[in-house]
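So this block is coords_5.tsv, TSV, N, CA and C atoms:
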chain	number	residue	atom	x	y	z
A	250	MET	N	15.96	10.39	-18.56
A	250	MET	CA	15.58	9.93	-19.88
A	250	MET	C	14.62	8.77	-19.72
A	251	GLY	N	13.52	8.80	-20.43
A	251	GLY	CA	12.56	7.72	-20.42
A	251	GLY	C	12.35	7.22	-21.83
A	252	ASP	N	12.92	6.08	-22.13
A	252	ASP	CA	12.86	5.61	-23.50
A	252	ASP	C	11.93	4.41	-23.70
A	253	VAL	N	11.13	4.07	-22.70
A	253	VAL	CA	10.13	3.02	-22.84
A	253	VAL	C	8.76	3.69	-22.82
A	254	GLY	N	7.91	3.28	-23.74
A	254	GLY	CA	6.55	3.77	-23.78
A	254	GLY	C	5.58	2.62	-23.64
A	255	ALA	N	4.42	2.89	-23.10
A	255	ALA	CA	3.38	1.87	-22.94
A	255	ALA	C	2.05	2.46	-23.34
A	256	ALA	N	1.18	1.58	-23.80
A	256	ALA	CA	-0.18	1.98	-24.12
A	256	ALA	C	-1.11	0.90	-23.62
A	257	LEU	N	-2.28	1.35	-23.19
A	257	LEU	CA	-3.30	0.40	-22.77
A	257	LEU	C	-4.64	0.81	-23.35
A	258	VAL	N	-5.50	-0.17	-23.47
A	258	VAL	CA	-6.88	0.05	-23.88
A	258	VAL	C	-7.75	-0.48	-22.76
A	259	THR	N	-8.73	0.32	-22.35
A	259	THR	CA	-9.62	-0.09	-21.27
A	259	THR	C	-10.73	-0.97	-21.82
A	260	MET	N	-11.51	-1.52	-20.93
A	260	MET	CA	-12.64	-2.36	-21.33
A	260	MET	C	-13.71	-1.54	-22.07
A	261	THR	N	-13.70	-0.21	-21.90
A	261	THR	CA	-14.66	0.63	-22.61
A	261	THR	C	-14.11	1.12	-23.94
A	262	GLY	N	-12.86	0.75	-24.26
A	262	GLY	CA	-12.27	1.13	-25.53
A	262	GLY	C	-11.43	2.39	-25.50
A	263	GLN	N	-11.28	3.00	-24.33
A	263	GLN	CA	-10.45	4.20	-24.23
A	263	GLN	C	-8.97	3.82	-24.21
A	264	GLY	N	-8.14	4.64	-24.80
A	264	GLY	CA	-6.71	4.39	-24.83
A	264	GLY	C	-5.94	5.40	-23.99
A	265	TYR	N	-4.89	4.91	-23.33
A	265	TYR	CA	-4.03	5.77	-22.53
A	265	TYR	C	-2.59	5.34	-22.75
A	266	ALA	N	-1.69	6.31	-22.77
A	266	ALA	CA	-0.27	6.03	-22.97
A	266	ALA	C	0.52	6.58	-21.81
A	267	GLY	N	1.69	6.01	-21.61
A	267	GLY	CA	2.58	6.47	-20.57
A	267	GLY	C	4.02	6.30	-21.00
A	268	ARG	N	4.90	7.01	-20.34
A	268	ARG	CA	6.33	6.94	-20.64
A	268	ARG	C	7.06	6.74	-19.32
A	269	CYS	N	8.11	5.93	-19.35
A	269	CYS	CA	8.83	5.70	-18.10
A	269	CYS	C	9.54	6.98	-17.68
A	270	VAL	N	9.68	7.10	-16.37
A	270	VAL	CA	10.36	8.24	-15.78
A	270	VAL	C	11.52	7.66	-14.97
A	271	LEU	N	12.73	7.85	-15.49
A	271	LEU	CA	13.90	7.28	-14.83
A	271	LEU	C	14.39	8.20	-13.73
A	272	MET	N	14.44	7.68	-12.52
A	272	MET	CA	14.92	8.44	-11.37
A	272	MET	C	15.78	7.53	-10.50
A	273	GLY	N	16.77	6.92	-11.07
A	273	GLY	CA	17.61	6.01	-10.29
A	273	GLY	C	16.82	4.81	-9.82
A	274	SER	N	16.80	4.58	-8.53
A	274	SER	CA	16.10	3.42	-7.99
A	274	SER	C	14.59	3.63	-7.90
A	275	ASN	N	14.12	4.83	-8.20
A	275	ASN	CA	12.70	5.14	-8.09
A	275	ASN	C	12.03	5.28	-9.45
A	276	THR	N	12.42	4.47	-10.40
A	276	THR	CA	11.85	4.54	-11.74
A	276	THR	C	10.36	4.26	-11.72
A	277	ILE	N	9.63	5.06	-12.46
A	277	ILE	CA	8.21	4.82	-12.68
A	277	ILE	C	8.10	4.22	-14.08
A	278	CYS	N	7.69	2.97	-14.14
A	278	CYS	CA	7.61	2.29	-15.43
A	278	CYS	C	6.52	2.90	-16.30
A	279	ALA	N	6.68	2.74	-17.60
A	279	ALA	CA	5.71	3.27	-18.57
A	279	ALA	C	4.32	2.69	-18.35
A	280	GLU	N	4.26	1.41	-18.00
A	280	GLU	CA	2.96	0.76	-17.77
A	280	GLU	C	2.22	1.42	-16.61
A	281	ARG	N	2.95	1.69	-15.52
A	281	ARG	CA	2.30	2.33	-14.38
A	281	ARG	C	1.95	3.78	-14.67
A	282	ALA	N	2.73	4.44	-15.52
A	282	ALA	CA	2.39	5.80	-15.94
A	282	ALA	C	1.09	5.79	-16.74
A	283	ALA	N	0.93	4.80	-17.62
A	283	ALA	CA	-0.31	4.68	-18.40
A	283	ALA	C	-1.50	4.37	-17.48
A	284	ILE	N	-1.27	3.50	-16.50
A	284	ILE	CA	-2.33	3.18	-15.54
A	284	ILE	C	-2.74	4.43	-14.76
A	285	ALA	N	-1.77	5.24	-14.35
A	285	ALA	CA	-2.07	6.47	-13.61
A	285	ALA	C	-2.93	7.41	-14.46
A	286	ARG	N	-2.62	7.51	-15.74
A	286	ARG	CA	-3.44	8.36	-16.63
A	286	ARG	C	-4.84	7.79	-16.76
A	287	MET	N	-4.96	6.47	-16.88
A	287	MET	CA	-6.27	5.84	-17.00
A	287	MET	C	-7.14	6.18	-15.80
A	288	VAL	N	-6.56	6.10	-14.63
A	288	VAL	CA	-7.32	6.36	-13.40
A	288	VAL	C	-7.60	7.85	-13.25
A	289	SER	N	-6.59	8.70	-13.45
A	289	SER	CA	-6.77	10.13	-13.20
A	289	SER	C	-7.57	10.83	-14.29
A	290	GLU	N	-7.41	10.43	-15.53
A	290	GLU	CA	-8.11	11.11	-16.62
A	290	GLU	C	-9.44	10.45	-16.98
A	291	GLY	N	-9.52	9.14	-16.83
A	291	GLY	CA	-10.73	8.45	-17.26
A	291	GLY	C	-11.54	7.81	-16.17
A	292	ASN	N	-11.00	7.83	-14.93
A	292	ASN	CA	-11.67	7.19	-13.82
A	292	ASN	C	-12.06	5.75	-14.15
A	293	GLU	N	-11.14	5.06	-14.84
A	293	GLU	CA	-11.35	3.66	-15.18
A	293	GLU	C	-10.28	2.82	-14.51
A	294	TYR	N	-10.57	1.52	-14.37
A	294	TYR	CA	-9.66	0.63	-13.66
A	294	TYR	C	-9.44	-0.70	-14.38
A	295	GLN	N	-10.30	-1.04	-15.31
A	295	GLN	CA	-10.17	-2.32	-15.99
A	295	GLN	C	-9.42	-2.15	-17.31
A	296	ILE	N	-8.39	-2.98	-17.48
A	296	ILE	CA	-7.53	-2.93	-18.65
A	296	ILE	C	-7.84	-4.10	-19.57
A	297	ALA	N	-8.14	-3.82	-20.82
A	297	ALA	CA	-8.38	-4.88	-21.79
A	297	ALA	C	-7.06	-5.38	-22.37
A	298	GLN	N	-6.17	-4.44	-22.71
A	298	GLN	CA	-4.90	-4.82	-23.33
A	298	GLN	C	-3.81	-3.82	-22.97
A	299	MET	N	-2.58	-4.33	-22.81
A	299	MET	CA	-1.44	-3.49	-22.44
A	299	MET	C	-0.24	-3.90	-23.27
A	300	VAL	N	0.55	-2.91	-23.70
A	300	VAL	CA	1.80	-3.18	-24.42
A	300	VAL	C	2.83	-2.13	-24.02
A	301	ALA	N	4.09	-2.55	-23.97
A	301	ALA	CA	5.21	-1.62	-23.72
A	301	ALA	C	6.26	-1.86	-24.81
A	302	VAL	N	6.88	-0.77	-25.27
A	302	VAL	CA	7.85	-0.88	-26.37
A	302	VAL	C	9.08	-0.03	-26.09
A	303	TRP	N	10.17	-0.38	-26.78
A	303	TRP	CA	11.44	0.33	-26.68
A	303	TRP	C	12.15	0.20	-28.02
A	304	ARG	N	12.86	1.24	-28.45
A	304	ARG	CA	13.68	1.21	-29.66
A	304	ARG	C	15.14	1.30	-29.28
A	305	ASP	N	15.96	0.47	-29.93
A	305	ASP	CA	17.39	0.54	-29.66
A	305	ASP	C	18.04	1.62	-30.52
A	306	ALA	N	19.34	1.78	-30.41
A	306	ALA	CA	20.07	2.83	-31.13
A	306	ALA	C	19.99	2.68	-32.63
A	307	HIS	N	19.65	1.49	-33.11
A	307	HIS	CA	19.53	1.24	-34.55
A	307	HIS	C	18.09	1.38	-35.05
A	308	GLY	N	17.19	1.77	-34.15
A	308	GLY	CA	15.80	1.95	-34.53
A	308	GLY	C	14.96	0.70	-34.51
A	309	ARG	N	15.52	-0.42	-34.05
A	309	ARG	CA	14.76	-1.67	-33.98
A	309	ARG	C	13.79	-1.61	-32.80
A	310	LEU	N	12.57	-2.04	-33.06
A	310	LEU	CA	11.50	-1.99	-32.07
A	310	LEU	C	11.45	-3.29	-31.27
A	311	TYR	N	11.36	-3.16	-29.96
A	311	TYR	CA	11.23	-4.30	-29.06
A	311	TYR	C	9.94	-4.15	-28.26
A	312	VAL	N	9.22	-5.24	-28.10
A	312	VAL	CA	8.10	-5.26	-27.18
A	312	VAL	C	8.65	-5.82	-25.87
A	313	ILE	N	8.33	-5.14	-24.77
A	313	ILE	CA	8.90	-5.48	-23.47
A	313	ILE	C	7.79	-6.00	-22.55
A	314	PRO	N	7.98	-7.16	-21.95
A	314	PRO	CA	6.98	-7.62	-20.98
A	314	PRO	C	7.02	-6.76	-19.72
A	315	PRO	N	5.90	-6.60	-19.05
A	315	PRO	CA	5.89	-5.78	-17.84
A	315	PRO	C	6.69	-6.43	-16.72
A	316	CYS	N	7.34	-5.61	-15.92
A	316	CYS	CA	8.08	-6.12	-14.76
A	316	CYS	C	7.08	-6.63	-13.72
A	317	GLY	N	7.59	-7.27	-12.70
A	317	GLY	CA	6.73	-7.81	-11.66
A	317	GLY	C	5.91	-6.75	-10.94
A	318	HIS	N	6.52	-5.59	-10.72
A	318	HIS	CA	5.80	-4.49	-10.04
A	318	HIS	C	4.61	-4.05	-10.89
A	319	CYS	N	4.81	-3.95	-12.19
A	319	CYS	CA	3.72	-3.52	-13.07
A	319	CYS	C	2.64	-4.59	-13.20
A	320	ARG	N	3.05	-5.84	-13.25
A	320	ARG	CA	2.08	-6.94	-13.29
A	320	ARG	C	1.19	-6.90	-12.05
A	321	GLN	N	1.84	-6.72	-10.89
A	321	GLN	CA	1.09	-6.65	-9.64
A	321	GLN	C	0.17	-5.43	-9.62
A	322	ALA	N	0.66	-4.30	-10.13
A	322	ALA	CA	-0.16	-3.08	-10.16
A	322	ALA	C	-1.40	-3.27	-11.03
A	323	MET	N	-1.24	-3.94	-12.18
A	323	MET	CA	-2.39	-4.20	-13.05
A	323	MET	C	-3.44	-5.03	-12.32
A	324	HIS	N	-2.98	-6.01	-11.55
A	324	HIS	CA	-3.91	-6.84	-10.80
A	324	HIS	C	-4.56	-6.06	-9.66
A	325	GLU	N	-3.77	-5.31	-8.92
A	325	GLU	CA	-4.30	-4.62	-7.75
A	325	GLU	C	-5.22	-3.46	-8.09
A	326	ILE	N	-5.03	-2.81	-9.24
A	326	ILE	CA	-5.89	-1.68	-9.59
A	326	ILE	C	-7.34	-2.15	-9.80
A	327	ASP	N	-7.49	-3.38	-10.27
A	327	ASP	CA	-8.81	-4.03	-10.36
A	327	ASP	C	-8.58	-5.53	-10.46
A	328	PRO	N	-9.07	-6.31	-9.50
A	328	PRO	CA	-8.83	-7.75	-9.50
A	328	PRO	C	-9.33	-8.47	-10.77
A	329	HIS	N	-10.31	-7.90	-11.46
A	329	HIS	CA	-10.79	-8.51	-12.70
A	329	HIS	C	-9.71	-8.55	-13.78
A	330	ASN	N	-8.74	-7.64	-13.69
A	330	ASN	CA	-7.69	-7.57	-14.70
A	330	ASN	C	-6.89	-8.87	-14.81
A	331	ILE	N	-6.84	-9.66	-13.74
A	331	ILE	CA	-6.07	-10.89	-13.76
A	331	ILE	C	-6.57	-11.83	-14.86
A	332	THR	N	-7.85	-11.81	-15.16
A	332	THR	CA	-8.38	-12.69	-16.21
A	332	THR	C	-8.76	-11.94	-17.49
A	333	THR	N	-8.99	-10.64	-17.39
A	333	THR	CA	-9.46	-9.92	-18.59
A	333	THR	C	-8.34	-9.20	-19.34
A	334	THR	N	-7.24	-8.87	-18.66
A	334	THR	CA	-6.18	-8.12	-19.32
A	334	THR	C	-5.32	-9.02	-20.19
A	335	GLN	N	-5.16	-8.63	-21.44
A	335	GLN	CA	-4.27	-9.33	-22.37
A	335	GLN	C	-3.01	-8.49	-22.51
A	336	VAL	N	-1.85	-9.12	-22.29
A	336	VAL	CA	-0.57	-8.41	-22.36
A	336	VAL	C	0.12	-8.80	-23.66
A	337	VAL	N	0.46	-7.80	-24.46
A	337	VAL	CA	1.16	-8.03	-25.72
A	337	VAL	C	2.63	-8.30	-25.40
A	338	LEU	N	3.13	-9.46	-25.86
A	338	LEU	CA	4.51	-9.85	-25.60
A	338	LEU	C	5.39	-9.78	-26.84
A	339	SER	N	4.77	-9.77	-28.01
A	339	SER	CA	5.48	-9.57	-29.28
A	339	SER	C	4.43	-9.33	-30.34
A	340	HIS	N	4.87	-9.16	-31.57
A	340	HIS	CA	3.91	-8.86	-32.64
A	340	HIS	C	2.90	-9.98	-32.84
A	341	ASP	N	3.22	-11.20	-32.38
A	341	ASP	CA	2.30	-12.32	-32.59
A	341	ASP	C	2.01	-13.13	-31.32
A	342	VAL	N	2.35	-12.60	-30.15
A	342	VAL	CA	2.10	-13.30	-28.90
A	342	VAL	C	1.41	-12.37	-27.92
A	343	VAL	N	0.28	-12.82	-27.42
A	343	VAL	CA	-0.48	-12.10	-26.40
A	343	VAL	C	-0.83	-13.11	-25.32
A	344	ALA	N	-0.70	-12.72	-24.06
A	344	ALA	CA	-0.98	-13.62	-22.95
A	344	ALA	C	-1.84	-12.94	-21.90
A	345	PRO	N	-2.70	-13.70	-21.26
A	345	PRO	CA	-3.48	-13.11	-20.16
A	345	PRO	C	-2.56	-12.79	-18.98
A	346	LEU	N	-2.90	-11.76	-18.25
A	346	LEU	CA	-2.12	-11.35	-17.10
A	346	LEU	C	-1.93	-12.51	-16.12
A	347	SER	N	-2.91	-13.37	-15.99
A	347	SER	CA	-2.82	-14.48	-15.03
A	347	SER	C	-1.63	-15.39	-15.32
A	348	THR	N	-1.23	-15.53	-16.57
A	348	THR	CA	-0.07	-16.38	-16.87
A	348	THR	C	1.24	-15.68	-16.56
A	349	LEU	N	1.23	-14.35	-16.50
A	349	LEU	CA	2.43	-13.60	-16.18
A	349	LEU	C	2.57	-13.31	-14.68
A	350	LEU	N	1.51	-13.56	-13.95
A	350	LEU	CA	1.51	-13.32	-12.51
A	350	LEU	C	1.03	-14.59	-11.81
A	351	PRO	N	1.84	-15.66	-11.89
A	351	PRO	CA	1.40	-16.92	-11.29
A	351	PRO	C	1.27	-16.80	-9.78
A	352	TYR	N	0.43	-17.61	-9.23
A	352	TYR	CA	0.20	-17.67	-7.79
A	352	TYR	C	-0.39	-16.37	-7.23
A	353	TYR	N	-1.07	-15.60	-8.06
A	353	TYR	CA	-1.67	-14.36	-7.59
A	353	TYR	C	-2.72	-14.62	-6.51
A	354	ASP	N	-3.28	-15.82	-6.50
A	354	ASP	CA	-4.32	-16.15	-5.52
A	354	ASP	C	-3.85	-17.23	-4.56
A	355	TRP	N	-2.56	-17.33	-4.34
A	355	TRP	CA	-1.98	-18.42	-3.58
A	355	TRP	C	-2.15	-18.28	-2.07
A	356	TRP	N	-2.61	-17.17	-1.61
A	356	TRP	CA	-2.75	-16.97	-0.16
A	356	TRP	C	-3.63	-18.08	0.41
A	357	GLN	N	-3.08	-18.82	1.34
A	357	GLN	CA	-3.83	-19.92	1.95
A	357	GLN	C	-3.62	-19.91	3.45
A	358	VAL	N	-4.66	-20.26	4.17
A	358	VAL	CA	-4.55	-20.40	5.61
A	358	VAL	C	-3.65	-21.60	5.88
A	359	GLN	N	-2.68	-21.41	6.74
A	359	GLN	CA	-1.75	-22.48	7.07
A	359	GLN	C	-2.18	-23.19	8.35
A	360	PRO	N	-1.76	-24.43	8.47
A	360	PRO	CA	-2.11	-25.17	9.70
A	360	PRO	C	-1.59	-24.42	10.92
A	361	ASP	N	-2.26	-24.62	12.02
A	361	ASP	CA	-1.87	-23.98	13.27
A	361	ASP	C	-0.45	-24.37	13.63
A	362	SER	N	0.41	-23.38	13.80
A	362	SER	CA	1.82	-23.66	14.09
A	362	SER	C	1.99	-24.30	15.46
A	363	ALA	N	1.01	-24.23	16.34
A	363	ALA	CA	1.11	-24.85	17.65
A	363	ALA	C	1.17	-26.36	17.54
A	364	ASN	N	0.73	-26.91	16.43
A	364	ASN	CA	0.75	-28.36	16.22
A	364	ASN	C	2.08	-28.87	15.72
A	365	TYR	N	3.03	-27.99	15.55
A	365	TYR	CA	4.34	-28.43	15.02
A	365	TYR	C	5.32	-28.63	16.12

Step by step, read the file and then write its structure as structure tokens.
Amino acid sequence: MGDVGAALVTMTGQGYAGRCVLMGSNTICAERAAIARMVSEGNEYQIAQMVAVWRDAHGRLYVIPPCGHCRQAMHEIDPHNITTTQVVLSHDVVAPLSTLLPYYDWWQVQPDSANY
């Protein structure tokens, strides 16, 4: 059962949707399913906006922030997404991917360990 859906809009204005695929520990999140469609159907890599939603048993709609794996996938599919992708967090809150994936550029050369 996959009860989370995601939609994204590319920088060219194309829209793609995805649905989570639950397979125990190998779940494919809705966001990554939408990204896969964007790449396979549209040969695009830059995401302008992304949202994921879920409805509970009472029909109430929830906006769900992307998990860490999905945040990283959005960045890795195109490094520009870190600054250009806007992630919808609720009906009135949108944040750039860079604020949801802190330290994405933290890789730093460390001092020579021989000096320790």

| field | Per-residue DSSP, segment 265-300 of chain A, filtered to strand (DSSP E or B), as a ChimeraX atom specification | value | /A:265-268,270,277,296-300

| Could you pull the residues within 7 Å of segment 286-301 of chain A, counting only C-alpha atoms, minus those fewer than 2 positions along the same chain, as number ranges by chain? | A: 253-260, 265, 280, 282-284, 312-314, 326-327, 330, 333-337

Around all listed atoms of segment 334-348 of chain A, padded 6 Å per side, what centre and edge lengths does the axis-aligned box have in Å to one decimal, as AutoDock Vina command-line options?
--center_x -0.9 --center_y -12.1 --center_z -23.9 --size_x 24.7 --size_y 20.6 --size_z 29.8

| request: Take atom CA of Ser347 of chain A and atom C of Pro328 of chain A and report the distance between them in Å, one decimal. | output: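 Computing it gives 9.8 Å between the two atoms.
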
| task | Figure out the distance between atom CA of Leu350 of chain A and atom CA of Trp303 of chain A, please, to one decimal in Å. | result | 22.0 Å

| Which is closer to Leu346 of chain A than all the others in A:Val358, A:Ile331, A:Ala279, A:Ala285, using all atoms listed in the file? |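 Among the listed residues, A:Ile331 lies closest to Leu346 of chain A.
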
| request: Take atom N of Gly267 of chain A and atom C of His307 of chain A and report the distance between them in Å, one decimal. | output: 21.7 Å

| task | Could you tell me which of A:Leu310, A:Met323, A:Leu338, A:Val343 comes closest to Arg281 of chain A if we count only C-alpha atoms? | result |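 Using only C-alpha atoms, the shortest distance to Arg281 of chain A belongs to A:Met323.
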